[in-house]
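S.K.: A single structure is presented below for examination.
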Amino acid sequence: MYPLGDVVALRLGPKPACLVNGPEPLRQVLISDAARYDKGFQFDQLRGLIGDGVGTSGGAKHRRQRRLMRPAFDHEHVEGYVAVMARCAAQIVADWRQAPRIDAGREMRRLAMTAITRAMFEAADDEPGGDGSGSAAVDEVLASLPILLGGVGRRALLPLAVLNKAPTPGNLRFDRACAGLHAMADRMIADHRSRQVSAAHRTASDGPSLLSTLLAAVDDEEGGGMTDAQAHDEIMTVLLAGTETSAGTLAWTLHVLSRDLDLQRAVQRETAAVLAGRTPTAADLSTLPLTRRVVSEVLRYYPPSWILGRRPIQDVQIAGVPVPAGTQVLLNFYGLHHDPAAYPEPDRFDPDRWLDPDPEAIRGHYLPFGLGPHACVGEGFAWSLILTTVSTIASHYTVKPAPGSVVKPVARTTLHPGVVPLVLEPLT
Ligand code: HEM
């Protein structure tokens, strides 16, 4: 049994809840009994705001959406997005020439939102912005997505939905941000359909946009493809699921490198040897073992999805403990990643624990991308984006903590570092 107990009863305001700990109970909820759960109360609200994409749907609808999403996130297509990611990383290091001091939390959010939006809407060989529609989408996402993300968590916890309808400045701003993103998604779908940019006309090595691959996908089991309405909901889902998680991981990575200059120099030596000043390609990303270990350890130490929710749709038992239908179940991923049974000195940041990890010891104890039918569809995308960005930054700058700055984890929907003030020293 896990030190805290496998299942710990809690209350979330008026709602009955329980915290689930340890690899076996998590496996039971996420895999063996997955069909007995939905995503829980936060997603009830979310569905009304962003639609019913792959992150919120369940059952047969979810399985079909996953099949239709798969090609856009397969290895070959993700390799095709690396050129777009590298352009975004190059742009951000160029912008920093004017700004010797940055908030890495904010900058990595800007980078993640820009890169995910561009990969979604622009083919690799488009000029940045192309005909301007991709750039307009980036502007809309940068202006509106932070407002949506900020409001979603708060709204999910508000007991009275009616409060969200009151015409307060905050609610009006939130409604405008939501409407702006929905209109942008509709415009991009209409634009792709009218240009008939389809994966059928291009090979993955040409780097088609993620949306063009989604629109061209055919369900290999039931036939048919994605409707425009469904593609709309998937655009919103990818924006919500991919940006904060990737931005947080990147900001934490810069934070740990800024606090350990020896480690940072070693990462800089590795990137200099592989890239020699060029922008990274997909092939380069498999030749950065130290950088990869640092990111693996960041994902263990500061898992963005530190806790995930589920809700049983019927009475269930978890590790033998009866849990009534409707209980909010909180799955403790943070605890798994800091369990001394799997990680000696779990609160020490040590990338070298990934040099030769014991697969038996960490089995079920390392789940930054989740587990089971809802596990992250964007894992390969996230790795490519993070390695492309970290290696580009390490080729151009040494990052140091701004004097007197203190960085503290902020545990909300994701575990992120909030403000990360850094001083940049250009490499000559
Ligand atoms: C370091 C970055 C990331 C982390 C740690 C992460 C983690 C996760 C986790 C734990 C889940 C499972 C949620 C659950 O079971 O309730 C998930 C789902 C998902 N992620 Fe990621 N993610 C990351 C980046 C991305 C990116 C870059 C994309 C897309 C570009 C993406 C798209 C999605 C989608 C669409 C889902 C829903 C899948 C489903 O429900 O079938 N993620 N992610």
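Naming scheme: A, B, ... for chains in displayed order of the structure tokens; residues 1 onward per chain; ligands 1 onward as shown.
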Please build the interface table for chain A against ligand 1 with a cut-off of 6 Å, listing for each qualifying residue the nearest atom pair and the distance in Å to one decimal; count only C-alpha atoms and all ligand atoms, order rows by chain and increasing number, and write it as a Markdown table.

M.R.:
```
| residue | atom | partner | partner_atom_place_in_ligand_line | distance |
| --- | --- | --- | --- | --- |
| A:Val54 | CA | ligand 1 | 41 (O) | 4.9 |
| A:Gly55 | CA | ligand 1 | 40 (O) | 3.4 |
| A:Thr237 | CA | ligand 1 | 35 (C) | 5.7 |
| A:Val238 | CA | ligand 1 | 35 (C) | 4.8 |
| A:Ala241 | CA | ligand 1 | 33 (C) | 4.8 |
| A:Gly242 | CA | ligand 1 | 26 (C) | 3.4 |
| A:Thr245 | CA | ligand 1 | 2 (C) | 4.4 |
| A:Ser246 | CA | ligand 1 | 2 (C) | 4.0 |
| A:Thr249 | CA | ligand 1 | 1 (C) | 5.5 |
| A:Pro304 | CA | ligand 1 | 5 (C) | 5.1 |
| A:Ser305 | CA | ligand 1 | 10 (C) | 5.1 |
| A:Leu308 | CA | ligand 1 | 16 (O) | 5.7 |
| A:Pro368 | CA | ligand 1 | 5 (C) | 5.1 |
| A:Phe369 | CA | ligand 1 | 10 (C) | 3.9 |
| A:Gly370 | CA | ligand 1 | 10 (C) | 3.8 |
| A:His374 | CA | ligand 1 | 41 (O) | 3.6 |
| A:Ala375 | CA | ligand 1 | 12 (C) | 4.3 |
| A:Cys376 | CA | ligand 1 | 17 (C) | 3.5 |
| A:Val377 | CA | ligand 1 | 33 (C) | 5.0 |
| A:Gly378 | CA | ligand 1 | 28 (C) | 3.8 |
| A:Glu379 | CA | ligand 1 | 24 (C) | 5.8 |
| A:Phe381 | CA | ligand 1 | 27 (C) | 5.3 |
| A:Ala382 | CA | ligand 1 | 27 (C) | 4.1 |
```

S.K.: May I have the residues from that selection written out with N, CA and C atoms, as a CSV table (one decimal), in the first residue's frame?

M.R.:
```csv
chain,number,residue,atom,x,y,z
A,54,VAL,N,-11.6,15.6,-28.5
A,54,VAL,CA,-11.1,14.3,-28.1
A,54,VAL,C,-10.8,14.3,-26.6
A,55,GLY,N,-10.5,15.5,-26.0
A,55,GLY,CA,-10.1,15.6,-24.6
A,55,GLY,C,-11.3,15.4,-23.7
A,237,THR,N,-9.5,22.0,-28.6
A,237,THR,CA,-8.9,21.1,-27.7
A,237,THR,C,-7.4,21.1,-27.7
A,238,VAL,N,-6.8,21.1,-28.9
A,238,VAL,CA,-5.3,21.1,-29.0
A,238,VAL,C,-4.8,22.4,-28.4
A,241,ALA,N,-5.1,21.9,-24.6
A,241,ALA,CA,-4.3,20.8,-24.0
A,241,ALA,C,-2.8,21.0,-24.2
A,242,GLY,N,-2.4,21.6,-25.4
A,242,GLY,CA,-1.0,21.6,-25.7
A,242,GLY,C,-0.2,22.8,-25.2
A,245,THR,N,0.8,23.2,-21.0
A,245,THR,CA,1.7,22.0,-20.6
A,245,THR,C,3.1,22.2,-21.2
A,246,SER,N,3.1,22.5,-22.5
A,246,SER,CA,4.5,22.7,-23.1
A,246,SER,C,5.2,23.9,-22.6
A,249,THR,N,6.6,23.3,-19.1
A,249,THR,CA,7.8,22.4,-19.2
A,249,THR,C,9.0,23.2,-19.6
A,304,PRO,N,3.6,18.7,-15.5
A,304,PRO,CA,2.5,19.7,-15.8
A,304,PRO,C,1.1,19.1,-15.3
A,305,SER,N,0.9,17.9,-15.7
A,305,SER,CA,-0.4,17.2,-15.3
A,305,SER,C,-0.1,16.6,-13.9
A,308,LEU,N,-4.9,14.6,-12.2
A,308,LEU,CA,-5.9,14.5,-13.2
A,308,LEU,C,-7.2,14.0,-12.6
A,368,PRO,N,4.2,11.3,-17.3
A,368,PRO,CA,3.9,12.7,-17.5
A,368,PRO,C,2.9,12.9,-18.6
A,369,PHE,N,2.7,11.9,-19.5
A,369,PHE,CA,1.8,12.1,-20.6
A,369,PHE,C,0.5,11.3,-20.4
A,370,GLY,N,0.3,10.8,-19.1
A,370,GLY,CA,-0.9,10.1,-18.8
A,370,GLY,C,-0.9,8.6,-19.2
A,374,HIS,N,-7.1,8.0,-22.9
A,374,HIS,CA,-7.0,9.4,-23.0
A,374,HIS,C,-5.6,9.9,-22.9
A,375,ALA,N,-4.6,9.0,-22.9
A,375,ALA,CA,-3.2,9.5,-22.8
A,375,ALA,C,-2.9,10.5,-23.9
A,376,CYS,N,-1.9,11.4,-23.6
A,376,CYS,CA,-1.6,12.5,-24.5
A,376,CYS,C,-1.4,12.0,-26.0
A,377,VAL,N,-2.2,12.6,-26.9
A,377,VAL,CA,-2.0,12.3,-28.3
A,377,VAL,C,-0.8,13.1,-28.9
A,378,GLY,N,-0.5,14.2,-28.1
A,378,GLY,CA,0.6,15.1,-28.6
A,378,GLY,C,1.9,14.9,-28.0
A,379,GLU,N,2.2,13.7,-27.5
A,379,GLU,CA,3.5,13.5,-26.8
A,379,GLU,C,4.7,13.7,-27.7
A,381,PHE,N,4.8,15.4,-30.5
A,381,PHE,CA,4.8,16.8,-30.8
A,381,PHE,C,5.4,17.6,-29.7
A,382,ALA,N,5.0,17.3,-28.5
A,382,ALA,CA,5.6,18.1,-27.3
A,382,ALA,C,7.1,17.9,-27.2
```

S.K.: Using backbone DSSP assignments, extract all strand (DSSP E) residues from region 233-415 of chain A; output them as a list of chain:residue names.

M.R.: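 Result set for region 233-415 of chain A (strand (DSSP E)): A:Ile307, A:Leu308, A:Gly309, A:Arg310, A:Arg311, A:Pro312, A:Val316, A:Gln317, A:Ile318, A:Val321, A:Pro322, A:Val323, A:Gln328, A:Val329, A:Leu330, A:Leu331, A:Asn332, A:Tyr397, A:Thr398, A:Val399, A:Lys400, A:Pro401, A:Val410, A:Ala411, A:Leu415.
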
S.K.: Quick one: write out the picked residues with N, CA and C atoms as a short mmCIF file (atom, residue, chain, number, x, y, z; two decimals), in the first residue's frame?

M.R.:
```cif
data_model
loop_
_atom_site.label_atom_id
_atom_site.label_comp_id
_atom_site.auth_asym_id
_atom_site.auth_seq_id
_atom_site.Cartn_x
_atom_site.Cartn_y
_atom_site.Cartn_z
N ILE A 307 -2.04 16.43 -11.33
CA ILE A 307 -3.22 15.74 -10.82
C ILE A 307 -4.24 15.70 -11.96
N LEU A 308 -4.91 14.57 -12.15
CA LEU A 308 -5.93 14.51 -13.20
C LEU A 308 -7.24 14.04 -12.57
N GLY A 309 -8.34 14.49 -13.15
CA GLY A 309 -9.64 14.13 -12.59
C GLY A 309 -10.35 13.06 -13.39
N ARG A 310 -11.15 12.25 -12.70
CA ARG A 310 -12.08 11.31 -13.32
C ARG A 310 -13.31 11.25 -12.41
N ARG A 311 -14.44 10.75 -12.96
CA ARG A 311 -15.65 10.63 -12.13
C ARG A 311 -16.35 9.33 -12.52
N PRO A 312 -16.55 8.41 -11.55
CA PRO A 312 -17.21 7.15 -11.91
C PRO A 312 -18.67 7.40 -12.29
N VAL A 316 -18.15 2.09 -8.08
CA VAL A 316 -16.95 1.29 -8.43
C VAL A 316 -16.19 0.98 -7.14
N GLN A 317 -15.18 0.14 -7.30
CA GLN A 317 -14.21 -0.06 -6.22
C GLN A 317 -12.86 0.34 -6.78
N ILE A 318 -12.07 1.06 -5.97
CA ILE A 318 -10.69 1.36 -6.38
C ILE A 318 -9.79 0.73 -5.33
N VAL A 321 -11.58 -0.34 -2.36
CA VAL A 321 -12.35 0.63 -1.58
C VAL A 321 -13.58 1.05 -2.39
N PRO A 322 -14.80 0.92 -1.82
CA PRO A 322 -16.00 1.32 -2.59
C PRO A 322 -16.03 2.84 -2.80
N VAL A 323 -16.29 3.25 -4.04
CA VAL A 323 -16.37 4.68 -4.38
C VAL A 323 -17.68 4.88 -5.14
N GLN A 328 -15.84 12.82 -7.17
CA GLN A 328 -14.73 13.36 -7.97
C GLN A 328 -13.45 12.63 -7.58
N VAL A 329 -12.86 11.91 -8.52
CA VAL A 329 -11.64 11.14 -8.24
C VAL A 329 -10.44 11.96 -8.73
N LEU A 330 -9.47 12.17 -7.84
CA LEU A 330 -8.26 12.93 -8.20
C LEU A 330 -7.08 11.97 -8.23
N LEU A 331 -6.45 11.88 -9.37
CA LEU A 331 -5.36 10.91 -9.54
C LEU A 331 -4.03 11.62 -9.28
N ASN A 332 -3.28 11.11 -8.32
CA ASN A 332 -2.10 11.82 -7.83
C ASN A 332 -0.84 11.44 -8.62
N TYR A 397 22.16 31.68 -25.99
CA TYR A 397 22.24 32.44 -24.73
C TYR A 397 22.66 31.56 -23.56
N THR A 398 23.28 32.21 -22.57
CA THR A 398 23.33 31.65 -21.22
C THR A 398 22.22 32.34 -20.44
N VAL A 399 21.42 31.55 -19.71
CA VAL A 399 20.35 32.15 -18.91
C VAL A 399 20.74 32.10 -17.44
N LYS A 400 20.54 33.24 -16.76
CA LYS A 400 20.86 33.30 -15.32
C LYS A 400 19.66 33.86 -14.57
N PRO A 401 19.48 33.46 -13.30
CA PRO A 401 18.34 34.01 -12.55
C PRO A 401 18.52 35.51 -12.36
N VAL A 410 3.21 27.00 -9.14
CA VAL A 410 1.80 27.38 -9.02
C VAL A 410 1.00 26.16 -9.47
N ALA A 411 0.28 25.55 -8.53
CA ALA A 411 -0.44 24.30 -8.84
C ALA A 411 -1.90 24.62 -9.12
N LEU A 415 0.81 22.35 -13.30
CA LEU A 415 1.81 22.80 -12.33
C LEU A 415 2.81 23.65 -13.11
#
```

S.K.: CA of Leu12 (chain A) and CA of Gly364 (chain A) are how many Å apart?

M.R.: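 Spanning CA of Leu12 (chain A) to CA of Gly364 (chain A) is a straight-line distance of 27.1 Å.
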
S.K.: Give the answer as one residue: which of A:Met69, A:Ala217, A:Ile362, A:Ala247 has the shortest atom-to-atom distance to Arg300 (chain A), using only C-alpha atoms?

M.R.: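 For Arg300 (chain A), the nearest of the given residues is A:Ile362.
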
S.K.: Please determine, counting only C-alpha atoms, which residue among A:Leu261, A:Leu210, A:Trp383, A:Asp220 has the shortest atom-to-atom distance to Leu288 (chain A).

M.R.: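 Under the stated criterion, the closest residue is A:Trp383.
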
S.K.: Just the number, please: distance in Å from CA of Ala342 (chain A) to CA of Glu297 (chain A), one decimal.

M.R.: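 One can read the CA of Ala342 (chain A) to CA of Glu297 (chain A) distance as 13.5 Å.
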
S.K.: Considering only C-alpha atoms, can you say which of A:Thr389, A:Asn164, A:Asn21, A:Ser212 comes closest to Ile92 (chain A)?

M.R.: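 Smallest distance to Ile92 (chain A) is found for A:Thr389.
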
S.K.: Write out as a PyMOL selection string the residues lying within 9 Å of Ala35 (chain A), counting only C-alpha atoms and excluding same-chain residues fewer than 6 positions away.

M.R.: chain A and resi 29+58-59+312-313

S.K.: Mind writing the picked residues with N, CA and C atoms as a short mmCIF file (atom, residue, chain, number, x, y, z; two decimals), in the first residue's frame?

M.R.:
```cif
data_model
loop_
_atom_site.label_atom_id
_atom_site.label_comp_id
_atom_site.auth_asym_id
_atom_site.auth_seq_id
_atom_site.Cartn_x
_atom_site.Cartn_y
_atom_site.Cartn_z
N VAL A 29 -7.91 2.71 -12.62
CA VAL A 29 -8.86 3.76 -13.02
C VAL A 29 -8.67 4.10 -14.51
N GLY A 58 -16.18 10.78 -24.68
CA GLY A 58 -15.91 9.45 -24.15
C GLY A 58 -16.46 8.38 -25.08
N GLY A 59 -16.24 7.10 -24.74
CA GLY A 59 -16.84 5.97 -25.43
C GLY A 59 -16.50 5.91 -26.91
N PRO A 312 -16.55 8.41 -11.55
CA PRO A 312 -17.21 7.15 -11.91
C PRO A 312 -18.67 7.40 -12.29
N ILE A 313 -19.09 6.74 -13.40
CA ILE A 313 -20.49 6.91 -13.83
C ILE A 313 -21.37 5.81 -13.22
#
```

S.K.: Taking the DSSP assignment computed from this structure's backbone, write out as JSON, numbers by chain all residues of region 132-241 of chain A that belong to helix (DSSP H, G or I).

M.R.: {"A": [133, 134, 135, 136, 137, 138, 139, 140, 141, 142, 143, 144, 145, 146, 147, 148, 149, 150, 151, 152, 153, 154, 155, 156, 157, 161, 162, 163, 164, 165, 169, 170, 171, 172, 173, 174, 175, 176, 177, 178, 179, 180, 181, 182, 183, 184, 185, 186, 187, 188, 189, 190, 191, 192, 193, 194, 195, 199, 200, 201, 204, 205, 206, 210, 211, 212, 213, 214, 215, 216, 228, 229, 230, 231, 232, 233, 234, 235, 236, 237, 238, 239, 240, 241]}

S.K.: Could you check the closest approach to Ser405 (chain A) for each of A:Phe174, A:Ile102, A:Phe349, A:Gln268 and tell me which residue wins, using only C-alpha atoms?

M.R.: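 For Ser405 (chain A), the nearest of the candidates is A:Ile102.
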
S.K.: Which of these residues is nearest to Ala86 (chain A), using only C-alpha atoms: A:Pro280, A:Pro71, A:Gly151, A:Gly51?

M.R.: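 That would be A:Pro280, the residue with the smallest distance to Ala86 (chain A).
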
S.K.: Counting only C-alpha atoms, what are the residues of region 215-297 of chain A within 12 Å of region 178-194 of chain A, and for each of them which pair of atoms is the nearest and at what distance in Å, to one decimal? Sort the table by chain and rising number, as a Markdown table.

M.R.:
```
| residue | atom | partner | partner_atom | distance |
| --- | --- | --- | --- | --- |
| A:Leu215 | CA | A:Arg193 | CA | 8.2 |
| A:Ala216 | CA | A:Arg193 | CA | 9.9 |
| A:Met226 | CA | A:Ile189 | CA | 11.3 |
| A:Thr227 | CA | A:Ile189 | CA | 10.2 |
| A:Asp228 | CA | A:Ile189 | CA | 6.9 |
| A:Ala229 | CA | A:Asp186 | CA | 8.6 |
| A:Gln230 | CA | A:Ile189 | CA | 10.7 |
| A:Ala231 | CA | A:Ile189 | CA | 7.7 |
| A:His232 | CA | A:Ala185 | CA | 5.8 |
| A:Asp233 | CA | A:Ala185 | CA | 8.6 |
| A:Glu234 | CA | A:Ala185 | CA | 9.6 |
| A:Ile235 | CA | A:Ala185 | CA | 6.7 |
| A:Met236 | CA | A:Ala185 | CA | 7.6 |
| A:Thr237 | CA | A:Ala185 | CA | 11.1 |
| A:Val238 | CA | A:Ala185 | CA | 11.5 |
| A:Leu239 | CA | A:Leu181 | CA | 9.9 |
| A:Leu240 | CA | A:Leu181 | CA | 11.2 |
```

S.K.: For Thr253 (chain A), which residue among A:Lys39, A:Leu387, A:Arg101, A:Glu221 is the nearest when counting only C-alpha atoms?

M.R.: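 Once distances to Thr253 (chain A) are computed over only C-alpha atoms, the minimum belongs to A:Leu387.
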
S.K.: Quick one: everything within 12 Å of Val274 (chain A), counting only C-alpha atoms, minus sequence neighbours fewer than 5 positions away in the same chain. Send it as a VMD selection string.

M.R.: chain A and resid 267 to 269 279 to 281 283 to 291 391 to 392 394 to 395

S.K.: Just C-alpha atoms for this one: save the residues we selected as a JSON list (two decimals), in the first residue's frame.

M.R.:
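For reference, result_28.json as written:
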```json
[["chain", "number", "residue", "atom", "x", "y", "z"],
["A", 267, "VAL", "CA", 23.79, 21.30, -22.59],
["A", 268, "GLN", "CA", 25.38, 24.19, -24.54],
["A", 269, "ARG", "CA", 28.36, 21.99, -25.48],
["A", 279, "THR", "CA", 18.53, 25.74, -36.59],
["A", 280, "PRO", "CA", 17.65, 22.19, -35.49],
["A", 281, "THR", "CA", 16.11, 19.64, -37.84],
["A", 283, "ALA", "CA", 17.08, 14.38, -37.28],
["A", 284, "ASP", "CA", 19.05, 16.49, -34.79],
["A", 285, "LEU", "CA", 16.50, 15.92, -32.04],
["A", 286, "SER", "CA", 17.48, 12.28, -31.58],
["A", 287, "THR", "CA", 21.12, 13.25, -31.06],
["A", 288, "LEU", "CA", 20.70, 15.41, -27.94],
["A", 289, "PRO", "CA", 20.81, 12.79, -25.14],
["A", 290, "LEU", "CA", 21.72, 15.14, -22.28],
["A", 291, "THR", "CA", 19.10, 17.73, -23.25],
["A", 391, "SER", "CA", 18.51, 23.54, -28.15],
["A", 392, "THR", "CA", 17.91, 26.82, -30.03],
["A", 394, "ALA", "CA", 21.13, 26.99, -25.59],
["A", 395, "SER", "CA", 22.87, 27.81, -28.89]]
```

S.K.: One decimal, in Å: what's the spacing between CA of Leu424 (chain A) and CA of Arg109 (chain A)?

M.R.: 17.6 Å
